[in-house]
Amino acid sequence: MPIPRLKINSAALLVVDVQERLLPTIIDRERVVANCTVLVHMAEELRIPYVITEQYPKGLGRTDERITRAMADQSRRIEKTRFSALDEMVDSMLRGWERNNVILCGLEAHVCVMQTALDLQASGRQCYLCSDAVSAGQRDQIPHALERMRTAGVVITGVLSAMYELLGDSTHGSFRKCLKLAKAIEQ
């Protein structure tokens, strides 16, 4: 069985529901927002396609502004009501981009993130969950969700690990810019 690996030309980023009215209840919310923001900056730098979902923004607000400021293309932000972010629109985007490896981050680990990860796996794609860019309002829900996703074949990784795996080599043209992003995480 081949070992799943992240490559720039086959990866996409999916940021799930990091919304202003959800955040006050979220465990380690500042870390999650910062790491999701780094992932969007990384996607922009490496020209990896991405999409950001918002669960019922009328009730839960819009995506945190730190993340949206990192976006060059605001049209990549889409609204949803299903818990899983792998709806027809996102599925169509991934097919159009010809990307079968999806880096996943966002809220909440045991609801929208987990259902999205399970649907990505069921669709034949490989999901890479950045566990340091995922959280929930109840700490005890996170480990169970991570275990369920891992059991389904999701690769559990971290933001820095994913970034360096995508770069592959310190001679990559975006290495220095990504190194600055990495240093922002380490602080």
# chains A, B, ... in the order shown; residues from 1 in each chain; ligands from 1
call {"tool": "closest_atom_pairs", "arguments": {"of": "stretch 85-144 of chain A", "to": "stretch 41-50 of chain A", "cutoff": "9 Å", "atoms": "only C-alpha atoms", "output": "CSV"}}
result
residue,atom,partner,partner_atom,distance
A:Leu94,CA,A:Pro49,CA,8.6
A:Trp97,CA,A:Pro49,CA,7.3
A:Arg99,CA,A:Pro49,CA,8.6
call {"tool": "write_last_selection", "arguments": {"atoms": "all heavy atoms", "output": "PDB file, in the first residue's frame"}}
result
ATOM      1  N   LEU A  94     -12.984  20.819  -6.476  1.00  0.00           N
ATOM      2  CA  LEU A  94     -11.863  19.878  -6.367  1.00  0.00           C
ATOM      3  C   LEU A  94     -11.668  19.107  -7.671  1.00  0.00           C
ATOM      4  O   LEU A  94     -10.535  18.912  -8.112  1.00  0.00           O
ATOM      5  CB  LEU A  94     -12.080  18.916  -5.201  1.00  0.00           C
ATOM      6  CG  LEU A  94     -12.020  19.528  -3.804  1.00  0.00           C
ATOM      7  CD1 LEU A  94     -12.473  18.524  -2.755  1.00  0.00           C
ATOM      8  CD2 LEU A  94     -10.624  20.050  -3.491  1.00  0.00           C
ATOM      9  N   TRP A  97     -10.143  21.437 -10.249  1.00  0.00           N
ATOM     10  CA  TRP A  97      -8.718  21.684  -9.959  1.00  0.00           C
ATOM     11  C   TRP A  97      -7.875  20.424 -10.142  1.00  0.00           C
ATOM     12  O   TRP A  97      -6.653  20.491 -10.097  1.00  0.00           O
ATOM     13  CB  TRP A  97      -8.531  22.184  -8.538  1.00  0.00           C
ATOM     14  CG  TRP A  97      -9.149  23.502  -8.230  1.00  0.00           C
ATOM     15  CD1 TRP A  97      -9.373  24.549  -9.077  1.00  0.00           C
ATOM     16  CD2 TRP A  97      -9.627  23.939  -6.950  1.00  0.00           C
ATOM     17  NE1 TRP A  97      -9.947  25.597  -8.410  1.00  0.00           N
ATOM     18  CE2 TRP A  97     -10.112  25.256  -7.101  1.00  0.00           C
ATOM     19  CE3 TRP A  97      -9.691  23.348  -5.695  1.00  0.00           C
ATOM     20  CZ2 TRP A  97     -10.651  25.984  -6.052  1.00  0.00           C
ATOM     21  CZ3 TRP A  97     -10.224  24.065  -4.637  1.00  0.00           C
ATOM     22  CH2 TRP A  97     -10.702  25.383  -4.823  1.00  0.00           C
ATOM     23  N   ARG A  99      -7.569  17.958  -7.993  1.00  0.00           N
ATOM     24  CA  ARG A  99      -6.834  17.798  -6.733  1.00  0.00           C
ATOM     25  C   ARG A  99      -7.488  16.698  -5.905  1.00  0.00           C
ATOM     26  O   ARG A  99      -8.662  16.787  -5.570  1.00  0.00           O
ATOM     27  CB  ARG A  99      -6.833  19.106  -5.938  1.00  0.00           C
ATOM     28  CG  ARG A  99      -6.261  20.302  -6.694  1.00  0.00           C
ATOM     29  CD  ARG A  99      -4.793  20.067  -7.043  1.00  0.00           C
ATOM     30  NE  ARG A  99      -4.275  21.047  -7.958  1.00  0.00           N
ATOM     31  CZ  ARG A  99      -3.216  21.806  -7.687  1.00  0.00           C
ATOM     32  NH1 ARG A  99      -2.603  21.725  -6.535  1.00  0.00           N
ATOM     33  NH2 ARG A  99      -2.793  22.658  -8.597  1.00  0.00           N
TER      34      ARG A  99
END
call {"tool": "residues_around", "arguments": {"residues": "A:Met114", "least_positions_apart": "2", "cutoff": "9 Å", "atoms": "only C-alpha atoms", "output": "PDB file with N, CA, C and O atoms, in the first residue's frame"}}
result
ATOM      1  N   SER A  84     -21.117  18.656   6.574  1.00  0.00           N
ATOM      2  CA  SER A  84     -19.964  18.337   5.744  1.00  0.00           C
ATOM      3  C   SER A  84     -19.751  19.453   4.726  1.00  0.00           C
ATOM      4  O   SER A  84     -20.698  19.901   4.081  1.00  0.00           O
ATOM      5  N   GLU A 108     -16.053  22.640  13.703  1.00  0.00           N
ATOM      6  CA  GLU A 108     -15.601  22.048  14.921  1.00  0.00           C
ATOM      7  C   GLU A 108     -15.159  20.623  14.624  1.00  0.00           C
ATOM      8  O   GLU A 108     -15.726  19.958  13.775  1.00  0.00           O
ATOM      9  N   ALA A 109     -14.151  20.170  15.346  1.00  0.00           N
ATOM     10  CA  ALA A 109     -13.509  18.883  15.061  1.00  0.00           C
ATOM     11  C   ALA A 109     -14.488  17.731  14.959  1.00  0.00           C
ATOM     12  O   ALA A 109     -14.385  16.893  14.067  1.00  0.00           O
ATOM     13  N   HIS A 110     -15.454  17.693  15.855  1.00  0.00           N
ATOM     14  CA  HIS A 110     -16.353  16.533  15.948  1.00  0.00           C
ATOM     15  C   HIS A 110     -17.609  16.660  15.098  1.00  0.00           C
ATOM     16  O   HIS A 110     -18.407  15.724  15.042  1.00  0.00           O
ATOM     17  N   VAL A 111     -17.791  17.791  14.427  1.00  0.00           N
ATOM     18  CA  VAL A 111     -18.999  17.977  13.612  1.00  0.00           C
ATOM     19  C   VAL A 111     -18.577  18.210  12.162  1.00  0.00           C
ATOM     20  O   VAL A 111     -18.379  17.263  11.407  1.00  0.00           O
ATOM     21  N   CYS A 112     -18.431  19.451  11.766  1.00  0.00           N
ATOM     22  CA  CYS A 112     -18.189  19.772  10.354  1.00  0.00           C
ATOM     23  C   CYS A 112     -16.849  19.248   9.849  1.00  0.00           C
ATOM     24  O   CYS A 112     -16.763  18.742   8.729  1.00  0.00           O
ATOM     25  N   THR A 116     -16.672  16.268   7.062  1.00  0.00           N
ATOM     26  CA  THR A 116     -15.979  16.611   5.812  1.00  0.00           C
ATOM     27  C   THR A 116     -14.876  15.610   5.533  1.00  0.00           C
ATOM     28  O   THR A 116     -14.739  15.116   4.406  1.00  0.00           O
ATOM     29  N   ALA A 117     -14.064  15.312   6.545  1.00  0.00           N
ATOM     30  CA  ALA A 117     -12.965  14.358   6.374  1.00  0.00           C
ATOM     31  C   ALA A 117     -13.483  12.988   5.952  1.00  0.00           C
ATOM     32  O   ALA A 117     -12.929  12.360   5.039  1.00  0.00           O
ATOM     33  N   LEU A 118     -14.533  12.521   6.598  1.00  0.00           N
ATOM     34  CA  LEU A 118     -15.099  11.216   6.251  1.00  0.00           C
ATOM     35  C   LEU A 118     -15.620  11.223   4.816  1.00  0.00           C
ATOM     36  O   LEU A 118     -15.420  10.255   4.069  1.00  0.00           O
ATOM     37  N   ASP A 119     -16.284  12.308   4.410  1.00  0.00           N
ATOM     38  CA  ASP A 119     -16.792  12.407   3.034  1.00  0.00           C
ATOM     39  C   ASP A 119     -15.654  12.502   2.016  1.00  0.00           C
ATOM     40  O   ASP A 119     -15.765  11.944   0.918  1.00  0.00           O
ATOM     41  N   ALA A 145     -12.925  12.557  17.838  1.00  0.00           N
ATOM     42  CA  ALA A 145     -13.055  12.917  16.422  1.00  0.00           C
ATOM     43  C   ALA A 145     -11.767  12.600  15.665  1.00  0.00           C
ATOM     44  O   ALA A 145     -11.812  12.051  14.558  1.00  0.00           O
ATOM     45  N   LEU A 146     -10.622  12.931  16.262  1.00  0.00           N
ATOM     46  CA  LEU A 146      -9.337  12.640  15.613  1.00  0.00           C
ATOM     47  C   LEU A 146      -9.170  11.136  15.413  1.00  0.00           C
ATOM     48  O   LEU A 146      -8.723  10.689  14.344  1.00  0.00           O
ATOM     49  N   ARG A 148     -11.551   8.845  15.165  1.00  0.00           N
ATOM     50  CA  ARG A 148     -12.495   8.379  14.144  1.00  0.00           C
ATOM     51  C   ARG A 148     -11.958   8.695  12.751  1.00  0.00           C
ATOM     52  O   ARG A 148     -12.025   7.872  11.842  1.00  0.00           O
ATOM     53  N   MET A 149     -11.416   9.904  12.571  1.00  0.00           N
ATOM     54  CA  MET A 149     -10.870  10.278  11.268  1.00  0.00           C
ATOM     55  C   MET A 149      -9.652   9.429  10.910  1.00  0.00           C
ATOM     56  O   MET A 149      -9.529   8.951   9.788  1.00  0.00           O
TER      57      MET A 149
END
call {"tool": "residues_around", "arguments": {"residues": "A:Ala162", "least_positions_apart": "6", "cutoff": "10 Å", "atoms": "only C-alpha atoms", "output": "PyMOL selection string"}}
result
chain A and resi 5-7+39+103+128-130+156+168
call {"tool": "write_last_selection", "arguments": {"atoms": "all heavy atoms", "output": "mmCIF file, in the first residue's frame"}}
result
data_model
loop_
_atom_site.group_PDB
_atom_site.id
_atom_site.type_symbol
_atom_site.label_atom_id
_atom_site.label_comp_id
_atom_site.auth_asym_id
_atom_site.auth_seq_id
_atom_site.Cartn_x
_atom_site.Cartn_y
_atom_site.Cartn_z
ATOM 1 N N ARG A 5 1.449 11.008 0.348
ATOM 2 C CA ARG A 5 2.387 12.128 0.448
ATOM 3 C C ARG A 5 1.760 13.370 -0.165
ATOM 4 O O ARG A 5 1.060 13.300 -1.168
ATOM 5 C CB ARG A 5 3.690 11.821 -0.306
ATOM 6 C CG ARG A 5 4.548 10.712 0.276
ATOM 7 C CD ARG A 5 5.090 11.026 1.667
ATOM 8 N NE ARG A 5 5.823 12.267 1.729
ATOM 9 C CZ ARG A 5 7.151 12.385 1.624
ATOM 10 N NH1 ARG A 5 7.890 11.324 1.447
ATOM 11 N NH2 ARG A 5 7.712 13.564 1.698
ATOM 12 N N LEU A 6 2.034 14.509 0.443
ATOM 13 C CA LEU A 6 1.556 15.790 -0.070
ATOM 14 C C LEU A 6 2.505 16.310 -1.145
ATOM 15 O O LEU A 6 3.718 16.365 -0.935
ATOM 16 C CB LEU A 6 1.475 16.820 1.056
ATOM 17 C CG LEU A 6 0.245 16.763 1.939
ATOM 18 C CD1 LEU A 6 0.407 17.688 3.136
ATOM 19 C CD2 LEU A 6 -1.005 17.114 1.151
ATOM 20 N N LYS A 7 1.929 16.690 -2.264
ATOM 21 C CA LYS A 7 2.657 17.310 -3.370
ATOM 22 C C LYS A 7 1.872 18.540 -3.808
ATOM 23 O O LYS A 7 0.634 18.521 -3.846
ATOM 24 C CB LYS A 7 2.790 16.353 -4.564
ATOM 25 C CG LYS A 7 3.484 15.045 -4.242
ATOM 26 C CD LYS A 7 4.957 15.235 -4.110
ATOM 27 C CE LYS A 7 5.626 13.888 -3.888
ATOM 28 N NZ LYS A 7 6.976 13.977 -3.445
ATOM 29 N N LEU A 39 -1.992 28.627 6.866
ATOM 30 C CA LEU A 39 -2.291 27.713 5.765
ATOM 31 C C LEU A 39 -2.807 28.451 4.531
ATOM 32 O O LEU A 39 -2.448 28.100 3.399
ATOM 33 C CB LEU A 39 -3.292 26.646 6.211
ATOM 34 C CG LEU A 39 -2.720 25.557 7.117
ATOM 35 C CD1 LEU A 39 -3.840 24.725 7.731
ATOM 36 C CD2 LEU A 39 -1.739 24.673 6.352
ATOM 37 N N ILE A 103 -5.906 19.201 2.169
ATOM 38 C CA ILE A 103 -5.454 19.628 3.493
ATOM 39 C C ILE A 103 -6.664 20.266 4.170
ATOM 40 O O ILE A 103 -7.265 21.186 3.627
ATOM 41 C CB ILE A 103 -4.294 20.637 3.383
ATOM 42 C CG1 ILE A 103 -3.135 20.022 2.600
ATOM 43 C CG2 ILE A 103 -3.852 21.104 4.763
ATOM 44 C CD1 ILE A 103 -2.143 21.036 2.078
ATOM 45 N N TYR A 128 -5.765 15.191 4.566
ATOM 46 C CA TYR A 128 -4.662 15.462 5.495
ATOM 47 C C TYR A 128 -5.182 16.485 6.495
ATOM 48 O O TYR A 128 -5.398 17.647 6.133
ATOM 49 C CB TYR A 128 -3.454 16.040 4.762
ATOM 50 C CG TYR A 128 -2.833 15.080 3.780
ATOM 51 C CD1 TYR A 128 -3.380 14.893 2.514
ATOM 52 C CD2 TYR A 128 -1.706 14.355 4.127
ATOM 53 C CE1 TYR A 128 -2.817 14.012 1.611
ATOM 54 C CE2 TYR A 128 -1.131 13.464 3.225
ATOM 55 C CZ TYR A 128 -1.696 13.294 1.970
ATOM 56 O OH TYR A 128 -1.137 12.417 1.075
ATOM 57 N N LEU A 129 -5.400 16.065 7.723
ATOM 58 C CA LEU A 129 -5.962 16.943 8.745
ATOM 59 C C LEU A 129 -4.844 17.596 9.542
ATOM 60 O O LEU A 129 -4.038 16.895 10.163
ATOM 61 C CB LEU A 129 -6.872 16.149 9.685
ATOM 62 C CG LEU A 129 -7.485 16.987 10.795
ATOM 63 C CD1 LEU A 129 -8.636 17.818 10.251
ATOM 64 C CD2 LEU A 129 -7.955 16.102 11.926
ATOM 65 N N CYS A 130 -4.797 18.923 9.542
ATOM 66 C CA CYS A 130 -3.817 19.659 10.353
ATOM 67 C C CYS A 130 -4.399 19.780 11.762
ATOM 68 O O CYS A 130 -5.203 20.675 12.033
ATOM 69 C CB CYS A 130 -3.514 21.012 9.740
ATOM 70 S SG CYS A 130 -2.581 20.893 8.208
ATOM 71 N N ILE A 156 -3.242 12.353 9.846
ATOM 72 C CA ILE A 156 -3.181 13.420 10.845
ATOM 73 C C ILE A 156 -1.781 14.016 10.777
ATOM 74 O O ILE A 156 -0.780 13.309 10.909
ATOM 75 C CB ILE A 156 -3.476 12.886 12.270
ATOM 76 C CG1 ILE A 156 -4.784 12.085 12.313
ATOM 77 C CG2 ILE A 156 -3.483 14.048 13.267
ATOM 78 C CD1 ILE A 156 -6.040 12.864 11.993
ATOM 79 N N GLY A 168 9.233 20.258 0.072
ATOM 80 C CA GLY A 168 10.078 19.142 -0.327
ATOM 81 C C GLY A 168 11.572 19.386 -0.300
ATOM 82 O O GLY A 168 12.342 18.456 -0.146
#
call {"tool": "residues_around", "arguments": {"residues": "stretch 177-185 of chain A", "least_positions_apart": "2", "cutoff": "9 Å", "atoms": "only C-alpha atoms", "output": "PyMOL selection string"}}
result
chain A and resi 31+34-35+38-39+41-42+45-46+159-160+163-164+167+173-175+187
call {"tool": "select_by_dssp", "arguments": {"residues": "stretch 38-73 of chain A", "states": "helix (DSSP H, G or I)", "output": "list in words"}}
result
Val38, Leu39, Val40, His41, Met42, Ala43, Glu44, Glu45, Leu46, Pro57, Lys58, Gly59, Leu60, Glu65, Arg66, Ile67, Thr68 and Arg69 of chain A
call {"tool": "atom_distance", "arguments": {"atom1": "atom CA of A:Arg125", "atom2": "atom CA of A:Thr157"}}
result
16.1 Å
call {"tool": "residues_around", "arguments": {"residues": "stretch 10-19 of chain A", "least_positions_apart": "2", "cutoff": "7 Å", "atoms": "only C-alpha atoms", "output": "number ranges by chain"}}
result
A: 6-8, 21-23, 48-55, 60-64, 85, 99-107, 113
call {"tool": "select_by_dssp", "arguments": {"residues": "stretch 45-97 of chain A", "states": "strand (DSSP E or B)", "output": "ChimeraX atom specification"}}
result
/A:50-55,63,77-80
call {"tool": "atom_distance", "arguments": {"atom1": "atom CA of A:Ala122", "atom2": "atom CA of A:His144"}}
result
19.2 Å
call {"tool": "closest_residue", "arguments": {"among": "A:Thr25, A:Thr68, A:Thr151, A:Asn9", "to": "A:Glu98", "atoms": "only C-alpha atoms"}}
result
A:Asn9
